[in-house]
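Engineer: First the structure, which I've put down as structure tokens, then a few questions once you've had a look.
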Amino acid sequence: MNGTKPPPPIGNDVGEDREGSANSADDSSETGSIPERDNWTNKLDFLLSCIGYAVGLGNIWRFPYLCYKNGGGAFLIPYFLCLLVSGIPMFLLEVSLGQFMSRGCIMSWQICPLFQGVGYATTIVATLCNQYYIVILAWALYYFFKSMTLELPWATCGNTWNTDQCIESKEEGSKVECMNYTVVNGTNYTDYMYALPDEFTEEVNLTNFNETLLPDCADVIGSRVSSVQEFWENKVLQLSGGLDEIGTLVWPLVLCLFLAWVLVYFIVWKGVKSSGKVVYFTATFPYVVLTIMLIRGVTLPGAGTGLLFYLRPDISRLKDAQVWIDAGSQIFYSYAVGFGTLTALGSYNKFHNNCYSLFNLTIDRDTLIVTAFNCCTSLYGGLVIFSVLGFMAYEQDVSVGEVAKAGPGLAFIAYPKAVSLMPAAPFWSFLFFFMILLVGLDSQFVAVEGLLTALVDIFPRQLSGGRRREIFTLVICFAMFLAGLIFVTNGGMYVFKLYDHYSASYPLFLIGAVEAAVIAWVYGANRFYDNLEYMIGYRPFIWFKICWQFLIPLVALGILVFALVKHEPMEYNGYSYPLWGTLIGWALSVLSVILIPITCCVLLLRSKGSLRERWCILTTPRLKPHQMRPTTDTSKDPVNLVSYKEYPKEDGSLSEKERLELGLG
């Protein structure tokens, strides 16, 4: 650069510091002004949005199950290690990337254009996740409305959706499944009968009993189905026999799904100006509900047994590799790494916001606050869940392990069953599903905001600002609603499990590994530290750089390889998925990550020059002047950052001087 000003970056108009005025530039040749990009009104909007997004249903129904399954309190050891190695560093990486580039998950990869496919991959993952995650809110809404009654409909048999094998929850704990009886007409032999204890007296006259009416003991035991499970499968889902029986729409769920999307739309239609205020309620009130339910839970008989079952440490389980894999997986899922939403949230921060923000919080301190809330919520939610499950096990005279479930089975079968055994059951059911709604709604609308940000940033002149943004948001929400209708059919649950298992699991590990590796090795960890220092006023702790360079790629790829090796064909409720169903699942996984190598290849082929020239051109960041720290060296142009080279020409017609600057001479 040597004191002369290089040519302006291709496709990169001159922008201004976001603190002085709106960005008035974009990678587009169109003329006309770009509407001002929104910023968070204050720091608390950003913090609560991050907390609301990171703290989701997985904290309530996945973490507690993994904790008890993997050694109780001992599981916290690998969990916190994985948090330090991957969770906190990845959270900081994605948020700070968005803040530095002032763009969502696609355009932020102009920092290393060759790998913009990472942004496309995260957008596909976010799109698929937004389609099926909101179905949980539809289920929760259905239960929420059904709780507004004097008697919970899933607590009793005799309803139109119940079968002859139905048994009420209150009877499950008192049944005697097999009883011997002897001495019939003076002949000694043994047979079996199924009944409740109060139907028998010490002396039973069976002289004239017709033994042909006695059912086989094993058949009777196996045929009994909880009224809660029948309500879930026969009434709510109207479940079909398998993936090949999609059936018809379940209209009550269709209406609940539509209502959920209406709620999401009116939260995000004004952008972060509106959603940033809603989180003040949706991100905080669930803690009030959790506290109320915990107080109630610990006062129930059997609660202590449930809590011991949840937290009693079993150090021997740490020898099992699966425990460590589960811990790493939970960190990636819980912090939503690889969805691109954290990048979008960071992009609405002002460029130097962290130096002069509310409470004087810095970006890495924000990261610690959000991750601390996430971990504490997981532990806290586990106390709420297992205190009530301990009560249910006590009432039914079974072990806690027999009633503990994970995923939707916990929220829509196990916990409703436990609530039905409580006094004032409708009130506690209403409160529980209200909490599920808030926790899920928070994650959903922030994820939708992240998706909208990614798309609007590609076409800011056409889509951002005023009514254009509102109309585009309406189009996206309605399209997502239509795409989600398959999940509220008779076979929708089978499709839901397929999406949940494949579309938002395996890809996250690969995306996380690529993100960290590209920033650390292609763009340069030291250079990214320069960016952070310019934004927040100091260089973060060196631990983050070590994680980006070595630990995150190793951990993420290790989890991915282990998961692939341990992969087994999917099953749900005794139904084994057919081969073609599994292939669809793998297609969902590949659909996102395949865009990374495809984008790299396309960009390399479209560029001109030698392979080395193409690599250098496509790995040089496209930056704006406000992103480049002025140098104190007066011999250099003041807009240039010492560790930067502005993005050169893509057409291969590099001047000799530009070739020398890129190290190609």
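By convention in this document, the chains of the structure tokens carry letters A, B, ... by their order, each chain's residues are numbered from 1, and ligands are numbered from 1 in the order they are shown.
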Show which residues sit within 7 Å of segment 149-164 of chain A, as an MDAnalysis selection string. Count only C-alpha atoms, and ignore same-chain residues fewer than 3 positions away.

Structural biologist: chainID A and resid 146 167:169 227:228 230:231 234:235 420 426

Engineer: Which of segment 462-649 of chain A end up as alpha helix (DSSP H) when DSSP is run on this backbone - answer as JSON, numbers by chain?

Structural biologist: {"A": [462, 463, 466, 467, 468, 469, 470, 471, 472, 473, 474, 475, 476, 477, 478, 479, 480, 481, 482, 483, 492, 493, 494, 495, 496, 497, 498, 499, 500, 501, 502, 506, 507, 508, 509, 510, 511, 512, 513, 514, 515, 516, 517, 525, 526, 527, 528, 529, 530, 531, 532, 533, 534, 535, 536, 542, 543, 544, 545, 546, 552, 553, 554, 555, 556, 557, 558, 559, 560, 561, 562, 563, 564, 565, 579, 580, 581, 582, 583, 584, 585, 586, 587, 588, 589, 590, 591, 592, 593, 595, 596, 597, 598, 599, 600, 601, 602, 603, 604, 605, 606, 611, 612, 613, 614, 615, 616, 617, 618]}

Engineer: List as a count of residues only the protein and nucleic acid residues near segment 123-139 of chain A, meaning an atom at most 6 Å away when only C-alpha atoms are counted, but skip any in the same chain fewer than 6 places from it.

Structural biologist: 7

Engineer: Counting only C-alpha atoms, which residues of segment 70-151 of chain A sit at most 9 Å from some atom of segment 307-316 of chain A, and what is each one's closest atom pair with its distance in Å to one decimal, listed by chain and rising residue number, as a Markdown table?

Structural biologist:
| residue | atom | partner | partner_atom | distance |
| --- | --- | --- | --- | --- |
| A:Asn70 | CA | A:Asp314 | CA | 8.1 |
| A:Gly71 | CA | A:Asp314 | CA | 4.5 |
| A:Gly72 | CA | A:Leu311 | CA | 4.3 |
| A:Gly73 | CA | A:Pro313 | CA | 4.3 |
| A:Ala74 | CA | A:Pro313 | CA | 4.6 |
| A:Phe75 | CA | A:Pro313 | CA | 7.7 |

Engineer: May I have the residues from that selection written out with N, CA and C atoms, as a PDB file, in the first residue's frame?

Structural biologist:
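This went into part_9.pdb:
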ATOM      1  N   ASN A  70     -26.956 -39.854  32.273  1.00  0.00           N
ATOM      2  CA  ASN A  70     -25.499 -39.904  32.145  1.00  0.00           C
ATOM      3  C   ASN A  70     -24.761 -39.652  33.452  1.00  0.00           C
ATOM      4  N   GLY A  71     -25.309 -40.105  34.543  1.00  0.00           N
ATOM      5  CA  GLY A  71     -24.572 -40.038  35.801  1.00  0.00           C
ATOM      6  C   GLY A  71     -24.961 -38.923  36.730  1.00  0.00           C
ATOM      7  N   GLY A  72     -26.136 -38.309  36.526  1.00  0.00           N
ATOM      8  CA  GLY A  72     -26.598 -37.281  37.444  1.00  0.00           C
ATOM      9  C   GLY A  72     -25.639 -36.104  37.509  1.00  0.00           C
ATOM     10  N   GLY A  73     -25.249 -35.748  38.744  1.00  0.00           N
ATOM     11  CA  GLY A  73     -24.351 -34.617  38.936  1.00  0.00           C
ATOM     12  C   GLY A  73     -23.020 -34.785  38.236  1.00  0.00           C
ATOM     13  N   ALA A  74     -22.583 -36.038  38.016  1.00  0.00           N
ATOM     14  CA  ALA A  74     -21.314 -36.273  37.327  1.00  0.00           C
ATOM     15  C   ALA A  74     -21.362 -35.762  35.887  1.00  0.00           C
ATOM     16  N   PHE A  75     -22.541 -35.719  35.298  1.00  0.00           N
ATOM     17  CA  PHE A  75     -22.680 -35.232  33.920  1.00  0.00           C
ATOM     18  C   PHE A  75     -22.282 -33.768  33.801  1.00  0.00           C
TER      19      PHE A  75
END

Engineer: Would you mind listing what lies within 8 Å of segment 277-291 of chain A as a PyMOL selection string, with only C-alpha atoms counted and same-chain residues fewer than 5 positions away left out?

Structural biologist: chain A and resi 45+48-49+51-52+267+380-381+384+431-432+435+438-439+441-442

Engineer: Write out as a count of residues only the residues lying within 10 Å of segment 401-403 of chain A, counting only C-alpha atoms and excluding same-chain residues fewer than 5 positions away.

Structural biologist: 18

Engineer: Rounded to one decimal in Å, what is the spacing between atom CA of Val225 of chain A and atom CA of Cys166 of chain A?

Structural biologist: 5.0 Å

Engineer: If we count only C-alpha atoms and set the cut-off at 8 Å, which residues sit around Ser102 of chain A, ignoring sequence neighbours fewer than 6 positions away in its own chain? Please answer as a PyMOL selection string.

Structural biologist: chain A and resi 108+346-349+351

Engineer: Counting only C-alpha atoms, which of A:Tyr79, A:His352, A:Arg37, A:Trp428 gets nearest to Met148 of chain A?

Structural biologist: A:Trp428

Engineer: Which of these, A:Ser505, A:Gln99, A:Thr599, A:Gln229, has the shortest distance to Gly409 of chain A once you count only C-alpha atoms?

Structural biologist: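 Among A:Ser505, A:Gln99, A:Thr599, A:Gln229, it is A:Gln229 that comes nearest to Gly409 of chain A.
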
Engineer: Just want the 8 Å neighbourhood of segment 83-97 of chain A, counted on only C-alpha atoms, with same-chain residues fewer than 2 positions away dropped. Output as a count of residues only.

Structural biologist: 33

Engineer: When you count only C-alpha atoms, which of these residues is closest to Gly338 of chain A: A:Trp109, A:Phe373, A:Tyr523, A:Phe509?

Structural biologist: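 The answer is A:Phe509, which sits nearest to Gly338 of chain A.
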
Engineer: Report the distance between atom CA of Gly466 of chain A and atom CA of Ala454 of chain A in Å, rounded to one decimal place.

Structural biologist: 17.3 Å

Engineer: Could you tell me how far atom CA of Gly247 of chain A lies from atom CA of Tyr499 of chain A, in Å and to one decimal?

Structural biologist: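 Calculated distance between atom CA of Gly247 of chain A and atom CA of Tyr499 of chain A is 18.2 Å.
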
Engineer: So, counting only C-alpha atoms, which residue among A:Ser464, A:Asn526, A:Asn374, A:Asn59 is closest to Arg539 of chain A?

Structural biologist: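 Distance minimum relative to Arg539 of chain A lands on A:Asn526.
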